[in-house]
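Q: For reference, the file model_34.cif (mmCIF, C-alpha atoms and all ligand atoms) is included below:
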data_target
#
loop_
_atom_site.label_atom_id
_atom_site.label_comp_id
_atom_site.auth_asym_id
_atom_site.auth_seq_id
_atom_site.Cartn_x
_atom_site.Cartn_y
_atom_site.Cartn_z
CA MET A 1 -14.38 -1.33 11.61
CA LEU A 2 -12.62 -4.32 10.14
CA ASP A 3 -10.96 -5.26 13.39
CA LEU A 4 -14.42 -5.24 14.91
CA LEU A 5 -15.72 -7.44 12.11
CA LEU A 6 -12.90 -9.87 12.63
CA ALA A 7 -13.52 -9.96 16.37
CA LEU A 8 -17.23 -10.53 15.82
CA CYS A 9 -16.48 -13.26 13.36
CA LEU A 10 -14.12 -14.91 15.78
CA ALA A 11 -16.82 -14.84 18.41
CA ALA A 12 -19.80 -15.84 16.27
CA ARG A 13 -18.41 -18.14 13.63
CA PRO A 14 -15.12 -19.64 14.80
CA ASP A 15 -15.50 -22.42 12.23
CA ILE A 16 -15.19 -19.89 9.43
CA CYS A 17 -12.59 -17.73 11.10
CA THR A 18 -10.38 -20.65 11.98
CA GLU A 19 -10.16 -22.02 8.50
CA HIS A 20 -10.78 -18.99 6.36
CA MET A 21 -10.42 -15.51 7.73
CA LEU A 22 -7.56 -16.56 9.90
CA PRO A 23 -5.06 -17.32 8.67
CA ALA A 24 -6.26 -17.37 5.04
CA ALA A 25 -7.25 -13.70 4.89
CA PRO A 26 -4.77 -10.89 5.30
CA CYS A 27 -4.96 -8.65 8.33
CA PRO A 28 -6.65 -5.40 7.37
CA ALA A 29 -4.62 -2.36 8.32
CA GLY A 30 -4.91 -1.74 12.04
CA ALA A 31 -6.58 -5.03 12.76
CA GLU A 32 -3.56 -7.21 13.43
CA ALA A 33 -2.99 -5.89 16.95
CA ALA A 34 -6.67 -6.25 17.82
CA VAL A 35 -6.78 -9.81 16.55
CA ARG A 36 -3.56 -10.69 18.35
CA ALA A 37 -4.93 -9.26 21.58
CA TRP A 38 -8.22 -11.06 21.15
CA VAL A 39 -6.49 -14.37 20.54
CA ALA A 40 -4.04 -13.77 23.39
CA ASP A 41 -6.96 -13.70 25.81
CA ARG A 42 -8.16 -17.11 24.64
CA PRO A 43 -5.63 -19.83 25.37
CA ALA A 44 -7.45 -22.47 23.32
CA LEU A 45 -7.27 -20.31 20.21
CA ARG A 46 -3.70 -19.28 20.94
CA ALA A 47 -2.76 -22.94 21.10
CA GLN A 48 -4.23 -23.44 17.64
CA GLY A 49 -1.91 -20.81 16.27
CA TRP A 50 -4.57 -18.35 15.13
CA ARG A 51 -3.13 -15.35 13.37
CA CYS A 52 -3.60 -13.15 10.36
CA GLY A 53 -2.16 -14.42 7.13
CA THR A 54 -1.72 -13.32 3.53
CA LEU A 55 -3.76 -14.51 0.58
CA PRO A 56 -1.73 -15.66 -2.39
CA ALA A 57 -1.66 -13.21 -5.26
CA LEU A 58 -4.27 -13.63 -7.95
CA GLU A 59 -2.82 -15.04 -11.16
CA VAL A 60 -2.57 -12.31 -13.80
CA THR A 61 -1.29 -12.12 -17.38
CA GLU A 62 0.33 -9.01 -18.85
CA VAL A 63 -1.67 -8.72 -22.09
CA ALA A 64 -0.07 -5.38 -23.03
CA PRO A 65 2.75 -3.45 -21.35
CA GLY A 66 1.59 -2.54 -17.85
CA LEU A 67 -1.91 -3.96 -18.37
CA PHE A 68 -2.64 -7.11 -16.40
CA VAL A 69 -5.70 -9.38 -16.57
CA HIS A 70 -6.74 -12.25 -14.35
CA PRO A 71 -8.41 -15.07 -16.30
CA GLY A 72 -11.65 -15.89 -14.50
CA PRO A 73 -12.72 -19.51 -14.82
CA VAL A 74 -15.76 -20.13 -17.03
CA GLU A 75 -17.87 -21.52 -14.23
CA GLU A 76 -20.82 -20.71 -12.07
CA PRO A 77 -19.99 -19.27 -8.63
CA SER A 78 -19.30 -22.06 -6.15
CA PRO A 79 -17.54 -22.72 -2.87
CA ALA A 80 -14.67 -24.16 -4.92
CA ASN A 81 -14.05 -21.00 -6.96
CA GLY A 82 -15.18 -18.57 -4.28
CA GLY A 83 -16.84 -16.30 -6.84
CA ASP A 84 -13.79 -16.13 -9.09
CA GLN A 85 -15.41 -15.96 -12.52
CA ALA A 86 -14.80 -12.64 -14.21
CA ASN A 87 -11.72 -11.31 -15.95
CA VAL A 88 -10.45 -8.54 -13.67
CA GLY A 89 -7.17 -6.66 -13.59
CA PHE A 90 -5.25 -3.42 -13.42
CA VAL A 91 -3.26 -0.87 -15.40
CA ILE A 92 -0.03 0.64 -14.12
CA GLY A 93 0.98 4.15 -15.17
CA ALA A 94 4.01 6.23 -14.19
CA GLY A 95 2.28 7.63 -11.12
CA ALA A 96 -0.70 5.50 -10.21
CA VAL A 97 -2.61 2.28 -10.69
CA ALA A 98 -6.20 1.84 -11.86
CA VAL A 99 -7.99 -1.40 -11.05
CA ILE A 100 -10.65 -2.61 -13.48
CA ASP A 101 -13.24 -4.70 -11.63
CA ALA A 102 -12.72 -6.15 -8.21
CA GLY A 103 -13.82 -9.77 -8.44
CA GLY A 104 -16.53 -11.84 -6.81
CA SER A 105 -15.60 -11.62 -3.13
CA ARG A 106 -13.63 -9.59 -0.64
CA ASN A 107 -10.97 -12.29 -0.67
CA MET A 108 -10.63 -11.99 -4.42
CA GLY A 109 -10.13 -8.25 -4.06
CA GLU A 110 -7.43 -8.90 -1.47
CA ALA A 111 -5.71 -11.38 -3.77
CA LEU A 112 -5.87 -8.90 -6.64
CA LEU A 113 -4.33 -6.21 -4.45
CA THR A 114 -1.57 -8.64 -3.52
CA ALA A 115 -0.94 -9.20 -7.25
CA ILE A 116 -0.66 -5.44 -7.73
CA ARG A 117 1.72 -5.05 -4.82
CA ALA A 118 3.94 -7.78 -6.28
CA ARG A 119 4.48 -5.45 -9.25
CA THR A 120 4.35 -1.89 -7.97
CA ASP A 121 4.17 0.26 -4.86
CA LEU A 122 2.36 3.06 -6.71
CA PRO A 123 -0.94 4.17 -5.19
CA VAL A 124 -4.11 2.47 -6.37
CA ARG A 125 -5.93 5.65 -7.22
CA TRP A 126 -9.04 4.37 -9.01
CA LEU A 127 -11.27 1.34 -8.98
CA ILE A 128 -13.30 1.20 -12.17
CA LEU A 129 -16.41 -1.00 -11.99
CA THR A 130 -17.48 -1.98 -15.49
CA HIS A 131 -21.05 -2.85 -14.42
CA MET A 132 -23.14 -4.07 -11.51
CA HIS A 133 -22.78 -7.85 -11.65
CA PRO A 134 -21.50 -9.47 -8.45
CA ASP A 135 -18.57 -11.30 -10.04
CA HIS A 136 -17.17 -7.88 -11.02
CA VAL A 137 -17.86 -5.73 -7.96
CA LEU A 138 -17.81 -7.66 -4.69
CA GLY A 139 -14.11 -7.08 -3.92
CA ALA A 140 -14.56 -3.30 -4.18
CA GLU A 141 -14.28 -2.51 -0.49
CA VAL A 142 -10.65 -3.66 -0.42
CA PHE A 143 -9.63 -0.98 -2.90
CA ALA A 144 -11.70 1.74 -1.26
CA GLU A 145 -9.86 0.97 1.98
CA ALA A 146 -6.59 1.22 0.06
CA GLY A 147 -7.54 4.77 -0.95
CA ALA A 148 -8.98 4.21 -4.43
CA ARG A 149 -11.87 6.31 -5.75
CA LEU A 150 -14.68 4.31 -7.32
CA VAL A 151 -15.53 5.14 -10.92
CA THR A 152 -18.75 3.78 -12.37
CA HIS A 153 -21.49 4.36 -14.90
CA ALA A 154 -23.92 6.98 -13.60
CA ARG A 155 -26.63 4.34 -13.35
CA LEU A 156 -24.61 1.84 -11.33
CA PRO A 157 -25.32 3.22 -7.84
CA ASP A 158 -29.10 2.83 -8.27
CA ALA A 159 -28.69 -0.55 -9.92
CA LEU A 160 -26.59 -1.86 -7.03
CA ARG A 161 -28.80 -0.31 -4.38
CA ASN A 162 -31.85 -2.02 -5.86
CA ARG A 163 -30.12 -5.38 -6.00
CA ALA A 164 -27.83 -5.29 -2.96
CA GLU A 165 -29.93 -7.56 -0.79
CA SER A 166 -30.62 -10.16 -3.46
CA TYR A 167 -27.00 -10.13 -4.60
CA ALA A 168 -25.75 -10.65 -1.07
CA HIS A 169 -28.12 -13.49 -0.25
CA GLY A 170 -27.85 -15.15 -3.63
CA TRP A 171 -24.09 -14.94 -3.89
CA GLU A 172 -23.41 -16.08 -0.34
CA ALA A 173 -25.69 -19.06 -0.94
CA GLN A 174 -23.73 -19.96 -4.06
CA VAL A 175 -20.17 -19.50 -2.81
CA GLY A 176 -20.85 -20.49 0.79
CA PRO A 177 -20.10 -18.62 3.99
CA ARG A 178 -16.39 -19.38 3.96
CA ALA A 179 -15.76 -17.75 0.61
CA TRP A 180 -18.23 -14.98 1.35
CA GLY A 181 -16.42 -14.08 4.58
CA ALA A 182 -16.63 -10.33 5.21
CA THR A 183 -17.77 -9.47 1.66
CA ARG A 184 -20.22 -6.61 1.28
CA VAL A 185 -22.07 -5.40 -1.81
CA PRO A 186 -20.53 -1.95 -2.53
CA ALA A 187 -23.86 -0.16 -2.96
CA ALA A 188 -23.06 2.57 -0.44
CA LEU A 189 -19.50 2.95 -1.72
CA ALA A 190 -20.72 3.49 -5.26
CA SER A 191 -22.83 6.47 -4.25
CA ALA A 192 -20.53 7.83 -1.53
CA PRO A 193 -19.03 11.32 -1.85
CA GLY A 194 -15.87 11.03 -3.89
CA ALA A 195 -17.15 8.37 -6.24
CA LEU A 196 -16.98 9.40 -9.88
CA HIS A 197 -19.83 8.69 -12.27
CA VAL A 198 -19.73 8.65 -16.03
CA SER A 199 -22.77 9.40 -18.18
CA PRO A 200 -23.37 8.36 -21.80
CA GLY A 201 -21.94 10.95 -24.15
CA ALA A 202 -19.60 12.43 -21.54
CA PRO A 203 -16.38 10.36 -21.44
CA LEU A 204 -13.96 10.67 -18.55
CA ALA A 205 -10.16 10.58 -18.87
CA LEU A 206 -8.07 9.20 -16.01
CA ASP A 207 -4.38 10.09 -16.13
CA LEU A 208 -2.24 7.42 -14.46
CA GLY A 209 0.91 9.43 -15.22
CA GLY A 210 1.92 9.37 -18.86
CA ARG A 211 -0.93 6.98 -19.53
CA VAL A 212 -4.55 7.92 -20.08
CA LEU A 213 -7.55 5.66 -19.67
CA ARG A 214 -10.68 6.85 -21.44
CA LEU A 215 -13.90 5.74 -19.78
CA GLU A 216 -17.21 5.72 -21.63
CA ALA A 217 -20.66 4.95 -20.32
CA MET A 218 -22.71 2.94 -22.77
CA PRO A 219 -26.42 3.01 -23.54
CA THR A 220 -28.29 -0.02 -22.17
CA ALA A 221 -26.71 -3.19 -23.57
CA HIS A 222 -25.43 -6.11 -21.43
CA THR A 223 -26.86 -4.14 -18.48
CA ASP A 224 -28.04 -0.55 -18.12
CA ASN A 225 -24.73 0.45 -16.52
CA ASP A 226 -21.94 -0.79 -18.81
CA LEU A 227 -18.71 1.18 -18.79
CA ILE A 228 -15.84 0.55 -21.20
CA VAL A 229 -12.20 1.50 -20.71
CA THR A 230 -9.76 2.32 -23.50
CA ASP A 231 -6.08 2.26 -22.67
CA GLU A 232 -4.83 4.73 -25.24
CA ALA A 233 -1.17 3.80 -24.70
CA THR A 234 -1.64 0.25 -25.95
CA GLY A 235 -4.85 0.42 -28.00
CA THR A 236 -6.55 -1.97 -25.59
CA LEU A 237 -10.34 -1.80 -25.26
CA TRP A 238 -11.50 -3.31 -21.98
CA LEU A 239 -15.07 -4.22 -22.87
CA SER A 240 -15.81 -6.47 -19.92
CA ASP A 241 -19.21 -8.15 -20.38
CA LEU A 242 -20.06 -6.31 -23.56
CA ALA A 243 -18.08 -9.15 -25.14
CA PHE A 244 -18.16 -12.76 -24.07
CA ALA A 245 -15.84 -15.57 -25.14
CA ARG A 246 -16.39 -19.25 -24.27
CA HIS A 247 -18.92 -18.22 -21.56
CA THR A 248 -22.40 -17.92 -23.09
CA PRO A 249 -23.43 -14.25 -23.32
CA VAL A 250 -25.71 -13.06 -20.52
CA LEU A 251 -28.48 -10.62 -21.43
CA ASP A 252 -29.50 -8.38 -18.52
CA GLY A 253 -30.21 -5.15 -20.42
CA SER A 254 -31.32 -4.82 -24.03
CA VAL A 255 -30.48 -7.17 -26.89
CA LEU A 256 -31.10 -4.45 -29.47
CA GLY A 257 -29.12 -1.92 -27.47
CA TRP A 258 -26.26 -4.39 -27.12
CA LEU A 259 -26.13 -5.06 -30.86
CA SER A 260 -26.16 -1.34 -31.54
CA VAL A 261 -23.27 -0.77 -29.12
CA LEU A 262 -21.24 -3.57 -30.70
CA GLU A 263 -21.83 -2.13 -34.15
CA ASP A 264 -20.62 1.30 -33.03
CA LEU A 265 -17.58 -0.08 -31.23
CA GLY A 266 -16.55 -2.39 -34.04
CA SER A 267 -15.56 0.45 -36.35
CA ARG A 268 -13.07 1.92 -33.88
CA PRO A 269 -9.34 1.49 -34.15
CA GLY A 270 -7.68 -0.75 -31.61
CA ALA A 271 -5.10 -3.47 -31.09
CA ARG A 272 -6.86 -5.88 -28.78
CA MET A 273 -9.82 -6.27 -26.47
CA VAL A 274 -10.37 -7.71 -23.01
CA PRO A 275 -13.65 -9.63 -22.70
CA GLY A 276 -15.41 -10.02 -19.36
CA HIS A 277 -15.16 -13.82 -19.47
CA GLY A 278 -13.00 -16.32 -21.31
CA PRO A 279 -9.56 -15.50 -22.71
CA VAL A 280 -7.79 -12.48 -21.20
CA SER A 281 -7.26 -10.90 -24.61
CA LEU A 282 -8.75 -11.22 -28.09
CA PRO A 283 -7.86 -9.61 -31.40
CA TRP A 284 -9.69 -6.41 -32.24
CA PRO A 285 -12.34 -6.18 -33.58
CA GLU A 286 -12.63 -9.87 -34.49
CA GLY A 287 -13.18 -10.76 -30.84
CA LEU A 288 -16.60 -9.12 -30.97
CA ALA A 289 -17.92 -11.54 -33.57
CA PRO A 290 -19.07 -14.49 -31.41
CA THR A 291 -21.16 -12.27 -29.12
CA ARG A 292 -22.57 -10.25 -32.03
CA ASP A 293 -23.40 -13.37 -34.05
CA TYR A 294 -25.17 -15.05 -31.14
CA LEU A 295 -27.24 -11.98 -30.31
CA SER A 296 -28.08 -11.31 -33.97
CA ALA A 297 -29.29 -14.86 -34.46
CA LEU A 298 -31.35 -14.67 -31.27
CA VAL A 299 -33.03 -11.51 -32.54
CA ALA A 300 -33.73 -13.12 -35.91
CA GLU A 301 -35.32 -16.12 -34.24
CA THR A 302 -37.37 -13.90 -31.94
CA ARG A 303 -38.58 -11.93 -34.95
CA ALA A 304 -39.67 -15.13 -36.65
CA ALA A 305 -41.43 -16.39 -33.52
CA LEU A 306 -43.35 -13.14 -33.17
CA ALA A 307 -44.28 -13.17 -36.83
CA ALA A 308 -45.62 -16.69 -36.37
CA GLY A 309 -47.71 -15.54 -33.40
CA GLU A 310 -45.91 -17.75 -30.88
CA SER A 311 -46.50 -17.10 -27.19
CA MET A 312 -43.51 -16.57 -24.92
CA THR A 313 -43.88 -20.08 -23.58
CA GLU A 314 -43.89 -21.55 -27.06
CA ALA A 315 -41.07 -19.38 -28.34
CA THR A 316 -38.68 -19.76 -25.43
CA ARG A 317 -38.81 -23.54 -25.79
CA HIS A 318 -36.71 -23.22 -28.92
CA LEU A 319 -35.28 -19.70 -29.27
CA GLY A 320 -31.51 -19.89 -29.59
CA ALA A 321 -31.46 -23.63 -28.98
CA GLY A 322 -29.44 -24.28 -32.13
CA LEU A 323 -26.85 -21.62 -31.36
CA SER A 324 -24.91 -23.48 -28.68
CA GLY A 325 -21.80 -23.91 -30.85
CA ALA A 326 -18.74 -23.78 -28.59
CA TRP A 327 -20.45 -21.74 -25.87
CA GLU A 328 -20.09 -23.07 -22.34
CA LEU A 329 -22.85 -22.94 -19.70
CA PHE A 330 -25.29 -22.66 -22.63
CA PRO A 331 -28.20 -24.62 -21.08
CA LEU A 332 -28.08 -22.27 -18.11
CA TYR A 333 -28.02 -18.93 -19.90
CA ASN A 334 -29.63 -19.35 -23.32
CA PRO A 335 -33.14 -19.89 -21.94
CA ARG A 336 -32.81 -16.74 -19.82
CA ASN A 337 -31.57 -14.80 -22.84
CA ALA A 338 -34.44 -16.11 -24.96
CA THR A 339 -36.96 -14.98 -22.37
CA ALA A 340 -35.33 -11.55 -22.11
CA ALA A 341 -35.25 -11.12 -25.90
CA TYR A 342 -38.90 -12.11 -26.21
CA LYS A 343 -39.98 -9.77 -23.39
CA GLU A 344 -38.03 -6.90 -24.88
CA SER A 345 -39.76 -7.35 -28.21
CA TRP A 346 -43.16 -7.80 -26.61
CA ASN A 347 -42.71 -4.70 -24.49
CA GLY A 348 -42.53 -2.36 -27.41
CA SER A 349 -39.53 -3.01 -29.57
CA GLU A 350 -41.31 -5.52 -31.77
CA ILE A 351 -41.85 -2.85 -34.35
CA LEU A 352 -38.12 -3.08 -34.93
CA PHE A 353 -38.38 -6.80 -35.44
CA LEU A 354 -41.37 -7.01 -37.75
ZN ZN B 1 -22.01 -9.09 -16.41
#
For this file, produce the structure as structure tokens.
Ligand SMILES: [Zn+2]

A:
Amino acid sequence: MLDLLLALCLAARPDICTEHMLPAAPCPAGAEAAVRAWVADRPALRAQGWRCGTLPALEVTEVAPGLFVHPGPVEEPSPANGGDQANVGFVIGAGAVAVIDAGGSRNMGEALLTAIRARTDLPVRWLILTHMHPDHVLGAEVFAEAGARLVTHARLPDALRNRAESYAHGWEAQVGPRAWGATRVPAALASAPGALHVSPGAPLALDLGGRVLRLEAMPTAHTDNDLIVTDEATGTLWLSDLAFARHTPVLDGSVLGWLSVLEDLGSRPGARMVPGHGPVSLPWPEGLAPTRDYLSALVAETRAALAAGESMTEATRHLGAGLSGAWELFPLYNPRNATAAYKESWNGSEILFL
């Protein structure tokens, strides 16, 4: 399939393939011969030295023994960053590797796999997707091809299926066709036979060989399909986008549900946490505070606006506006969060506010 994709790309979009897929992207297994043969038949391309290459490994930091995190830049997706935004990474056990989130493009997944292979030859047995957002899932296909089973919240397959088209169009428009390359939204992968799904109240343990990851599906919070990972060996809680740092929190689920989840999590033991954006590691549970404080204040302001009888238009002009603090990308995300918080209250939760 991939050799066919490469051949089609070479035929249809040589501008992209010349500069990006070849030689920037690695040859998928089995495709190298097909590409070589295709190029061999075209003297002009052969003269340009077309070939498959290898993407450089994604930069990762070992935040705890055997647990590596890539620091995603706090930026919007763009051609310059190619969709590299989220903190993604992997955990190495004695017998297997689990990847946690796959990044914002197929190329990012490839670069993450290269980073893994620089450290271990163990099989990549699981790809855990912490939630549906594109910056966390779009590299998934790379790991499925490498033999990994997808593990997601039980609600993620429907969430991705419903958004696959808009994610693909929107993300490609933002990162550009070169960075998008052969990326595909993993909606079908997430619901394919063999994928594992975790429901709230029914945790799943993955044994990497002498190292257990405990996966828990959360009630609706940042999204309706948030999954957290606890590495019991190191006391590391991988919260992904349930906790933001530097990057303004993004509300795409329930503000009240999110606060409730943070309150429950905060009383747990732990050594450190991995947020979905910002630093690769934060102290536990102190690292939860900025997200919790922002959301709490937003709820308080929404409650006051409702009590004053403000319309959504009136309220969202000012809700959260004074909370910018050290948050980055605040003008982009706070207005969306304010609208979501107001709608949530208006749609039936206001009794909790008033
Ligand atoms: Zn997210």

Q: Mind dumping a table of every region 218-307 of chain A residue within 8 Å of region 113-130 of chain A, with the nearest atom pair and its distance in Å to one decimal, using all atoms listed in the file, sorted by chain and rising number, as a Markdown table?

A:
| residue | atom | partner | partner_atom | distance |
| --- | --- | --- | --- | --- |
| A:Asn225 | CA | A:Thr130 | CA | 7.7 |
| A:Asp226 | CA | A:Thr130 | CA | 5.7 |
| A:Leu227 | CA | A:Thr130 | CA | 4.7 |
| A:Ile228 | CA | A:Thr130 | CA | 6.5 |
| A:Ser240 | CA | A:Thr130 | CA | 6.5 |

Q: Contacts of Leu150 (chain A) at 12 Å or less, counting all atoms listed in the file, minus same-chain residues fewer than 3 places along, as a PyMOL selection string?

A: chain A and resi 98-102+124-131+137+139-147+153-154+156-157+186-198+206

Q: Taking only residues of chain A that have an atom at most 12 Å from an atom of ligand ZN 1 (chain B), what is each one's shortest atom pair and its distance in Å to one decimal, using only C-alpha atoms and all ligand atoms, in chain and number order, as JSON lines?

A:
{"residue": "A:Gln85", "atom": "CA", "partner": "B:ZN1", "partner_atom": "ZN", "distance": 10.3}
{"residue": "A:Ala86", "atom": "CA", "partner": "B:ZN1", "partner_atom": "ZN", "distance": 8.3}
{"residue": "A:Asn87", "atom": "CA", "partner": "B:ZN1", "partner_atom": "ZN", "distance": 10.5}
{"residue": "A:Val88", "atom": "CA", "partner": "B:ZN1", "partner_atom": "ZN", "distance": 11.9}
{"residue": "A:Asp101", "atom": "CA", "partner": "B:ZN1", "partner_atom": "ZN", "distance": 10.9}
{"residue": "A:Gly103", "atom": "CA", "partner": "B:ZN1", "partner_atom": "ZN", "distance": 11.4}
{"residue": "A:Gly104", "atom": "CA", "partner": "B:ZN1", "partner_atom": "ZN", "distance": 11.4}
{"residue": "A:Leu129", "atom": "CA", "partner": "B:ZN1", "partner_atom": "ZN", "distance": 10.8}
{"residue": "A:Thr130", "atom": "CA", "partner": "B:ZN1", "partner_atom": "ZN", "distance": 8.5}
{"residue": "A:His131", "atom": "CA", "partner": "B:ZN1", "partner_atom": "ZN", "distance": 6.6}
{"residue": "A:Met132", "atom": "CA", "partner": "B:ZN1", "partner_atom": "ZN", "distance": 7.1}
{"residue": "A:His133", "atom": "CA", "partner": "B:ZN1", "partner_atom": "ZN", "distance": 5.0}
{"residue": "A:Pro134", "atom": "CA", "partner": "B:ZN1", "partner_atom": "ZN", "distance": 8.0}
{"residue": "A:Asp135", "atom": "CA", "partner": "B:ZN1", "partner_atom": "ZN", "distance": 7.6}
{"residue": "A:His136", "atom": "CA", "partner": "B:ZN1", "partner_atom": "ZN", "distance": 7.3}
{"residue": "A:Val137", "atom": "CA", "partner": "B:ZN1", "partner_atom": "ZN", "distance": 10.0}
{"residue": "A:Ala221", "atom": "CA", "partner": "B:ZN1", "partner_atom": "ZN", "distance": 10.4}
{"residue": "A:His222", "atom": "CA", "partner": "B:ZN1", "partner_atom": "ZN", "distance": 6.8}
{"residue": "A:Thr223", "atom": "CA", "partner": "B:ZN1", "partner_atom": "ZN", "distance": 7.2}
{"residue": "A:Asp224", "atom": "CA", "partner": "B:ZN1", "partner_atom": "ZN", "distance": 10.6}
{"residue": "A:Asn225", "atom": "CA", "partner": "B:ZN1", "partner_atom": "ZN", "distance": 9.9}
{"residue": "A:Asp226", "atom": "CA", "partner": "B:ZN1", "partner_atom": "ZN", "distance": 8.6}
{"residue": "A:Leu227", "atom": "CA", "partner": "B:ZN1", "partner_atom": "ZN", "distance": 11.0}
{"residue": "A:Leu239", "atom": "CA", "partner": "B:ZN1", "partner_atom": "ZN", "distance": 10.7}
{"residue": "A:Ser240", "atom": "CA", "partner": "B:ZN1", "partner_atom": "ZN", "distance": 7.6}
{"residue": "A:Asp241", "atom": "CA", "partner": "B:ZN1", "partner_atom": "ZN", "distance": 4.9}
{"residue": "A:Leu242", "atom": "CA", "partner": "B:ZN1", "partner_atom": "ZN", "distance": 7.9}
{"residue": "A:Ala243", "atom": "CA", "partner": "B:ZN1", "partner_atom": "ZN", "distance": 9.6}
{"residue": "A:Phe244", "atom": "CA", "partner": "B:ZN1", "partner_atom": "ZN", "distance": 9.3}
{"residue": "A:His247", "atom": "CA", "partner": "B:ZN1", "partner_atom": "ZN", "distance": 10.9}
{"residue": "A:Thr248", "atom": "CA", "partner": "B:ZN1", "partner_atom": "ZN", "distance": 11.1}
{"residue": "A:Pro249", "atom": "CA", "partner": "B:ZN1", "partner_atom": "ZN", "distance": 8.7}
{"residue": "A:Val250", "atom": "CA", "partner": "B:ZN1", "partner_atom": "ZN", "distance": 6.8}
{"residue": "A:Leu251", "atom": "CA", "partner": "B:ZN1", "partner_atom": "ZN", "distance": 8.3}
{"residue": "A:Asp252", "atom": "CA", "partner": "B:ZN1", "partner_atom": "ZN", "distance": 7.8}
{"residue": "A:Gly253", "atom": "CA", "partner": "B:ZN1", "partner_atom": "ZN", "distance": 9.9}
{"residue": "A:Pro275", "atom": "CA", "partner": "B:ZN1", "partner_atom": "ZN", "distance": 10.5}
{"residue": "A:Gly276", "atom": "CA", "partner": "B:ZN1", "partner_atom": "ZN", "distance": 7.3}
{"residue": "A:His277", "atom": "CA", "partner": "B:ZN1", "partner_atom": "ZN", "distance": 8.9}

Q: Enter the distance from CA of Leu265 (chain A) to CA of Thr236 (chain A), in Å, rounded to one decimal.

A: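 A separation of 12.5 Å between them.
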
Q: Using all atoms listed in the file, find the one residue out of A:Pro279, A:Pro335, A:Gly95, A:Gly82 that sits nearest to Val69 (chain A).

A: A:Pro279

Q: Tell me, as a list of chain:residue names, which residues lie within 9 Å of Glu76 (chain A), counting all atoms listed in the file; anything in the same chain fewer than 2 positions away does not count.

A: A:Pro73, A:Val74, A:Ser78, A:Asn81, A:Gly83, A:Asp84, A:Gln85, A:Gln174, A:Leu329

Q: Could those residues be written to a file, using C-alpha atoms, as a short mmCIF file (atom, residue, chain, number, x, y, z; two decimals), in the coordinates of the input?

A:
data_model
loop_
_atom_site.label_atom_id
_atom_site.label_comp_id
_atom_site.auth_asym_id
_atom_site.auth_seq_id
_atom_site.Cartn_x
_atom_site.Cartn_y
_atom_site.Cartn_z
CA PRO A 73 -12.72 -19.51 -14.82
CA VAL A 74 -15.76 -20.13 -17.03
CA SER A 78 -19.30 -22.06 -6.15
CA ASN A 81 -14.05 -21.00 -6.96
CA GLY A 83 -16.84 -16.30 -6.84
CA ASP A 84 -13.79 -16.13 -9.09
CA GLN A 85 -15.41 -15.96 -12.52
CA GLN A 174 -23.73 -19.96 -4.06
CA LEU A 329 -22.85 -22.94 -19.70
#

Q: Emit as lines of an AutoDock Vina configuration file the padded axis-aligned box for all listed atoms of region 256-269 of chain A, 6 Å per side, with centre and edge lengths in Å to one decimal.

A:
center_x = -20.2
center_y = -1.6
center_z = -31.7
size_x = 33.8
size_y = 19.0
size_z = 21.2

Q: Could you state the separation of CA of Ser254 (chain A) and CA of His70 (chain A) in Å, given to one decimal place?

A: 27.4 Å

Q: Compare A:Ser311, A:Asn334, A:Thr152, A:Ser281 by their minimum atom-to-atom distance to Thr61 (chain A), counting only C-alpha atoms, and give me the closest one.

A: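 Going through A:Ser311, A:Asn334, A:Thr152, A:Ser281 one by one, the smallest distance to Thr61 (chain A) is for A:Ser281.
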
Q: Given only C-alpha atoms as the basis, pick out the residue of A:Ala205, A:Ala233, A:Ala217, A:Ala148 nearest to Ala94 (chain A).

A: A:Ala233

Q: Within 8 Å of Leu259 (chain A), counting all atoms listed in the file, which residues show up once you throw out same-chain ones fewer than 6 positions away? Write them as a PDB file with C-alpha atoms, in the frame of the given file, please.

A:
ATOM      1  CA  ALA A 221     -26.710  -3.190 -23.570  1.00  0.00           C
ATOM      2  CA  ARG A 292     -22.570 -10.250 -32.030  1.00  0.00           C
ATOM      3  CA  LEU A 295     -27.240 -11.980 -30.310  1.00  0.00           C
ATOM      4  CA  SER A 296     -28.080 -11.310 -33.970  1.00  0.00           C
TER       5      SER A 296
END

Q: So which residues touch Gly209 (chain A) within 8 Å, counting only C-alpha atoms, skipping near sequence neighbours fewer than 2 positions away, as a PyMOL selection string?

A: chain A and resi 93-96+207+211-212

Q: Using all atoms listed in the file, which of A:Tyr342, A:Ser166, A:Glu62, A:Glu263 sits nearest Glu310 (chain A)?

A: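 Among the listed residues, the smallest separation from Glu310 (chain A) belongs to A:Tyr342.
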
Q: Which residues come within 8 Å of Arg184 (chain A), counting only C-alpha atoms, excluding same-chain residues fewer than 4 positions away, as a list in words?

A: Arg106, Leu138, Glu141 and Ala168 of chain A

Q: Write the residues of the preceding selection, restricted to C-alpha atoms, as a short mmCIF file (atom, residue, chain, number, x, y, z; two decimals), in the frame of the given file.

A:
data_model
loop_
_atom_site.label_atom_id
_atom_site.label_comp_id
_atom_site.auth_asym_id
_atom_site.auth_seq_id
_atom_site.Cartn_x
_atom_site.Cartn_y
_atom_site.Cartn_z
CA ARG A 106 -13.63 -9.59 -0.64
CA LEU A 138 -17.81 -7.66 -4.69
CA GLU A 141 -14.28 -2.51 -0.49
CA ALA A 168 -25.75 -10.65 -1.07
#

Q: Considering only C-alpha atoms, can you say which of A:Thr183, A:Trp284, A:Leu213, A:Leu237 comes closest to Ala164 (chain A)?

A: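 Between A:Thr183, A:Trp284, A:Leu213, A:Leu237, the residue approaching Ala164 (chain A) most closely is A:Thr183.
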
Q: Quick one, how far is CA of Ser199 (chain A) from CA of Pro219 (chain A)?

A: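 CA of Pro219 (chain A) lies 9.1 Å from CA of Ser199 (chain A).
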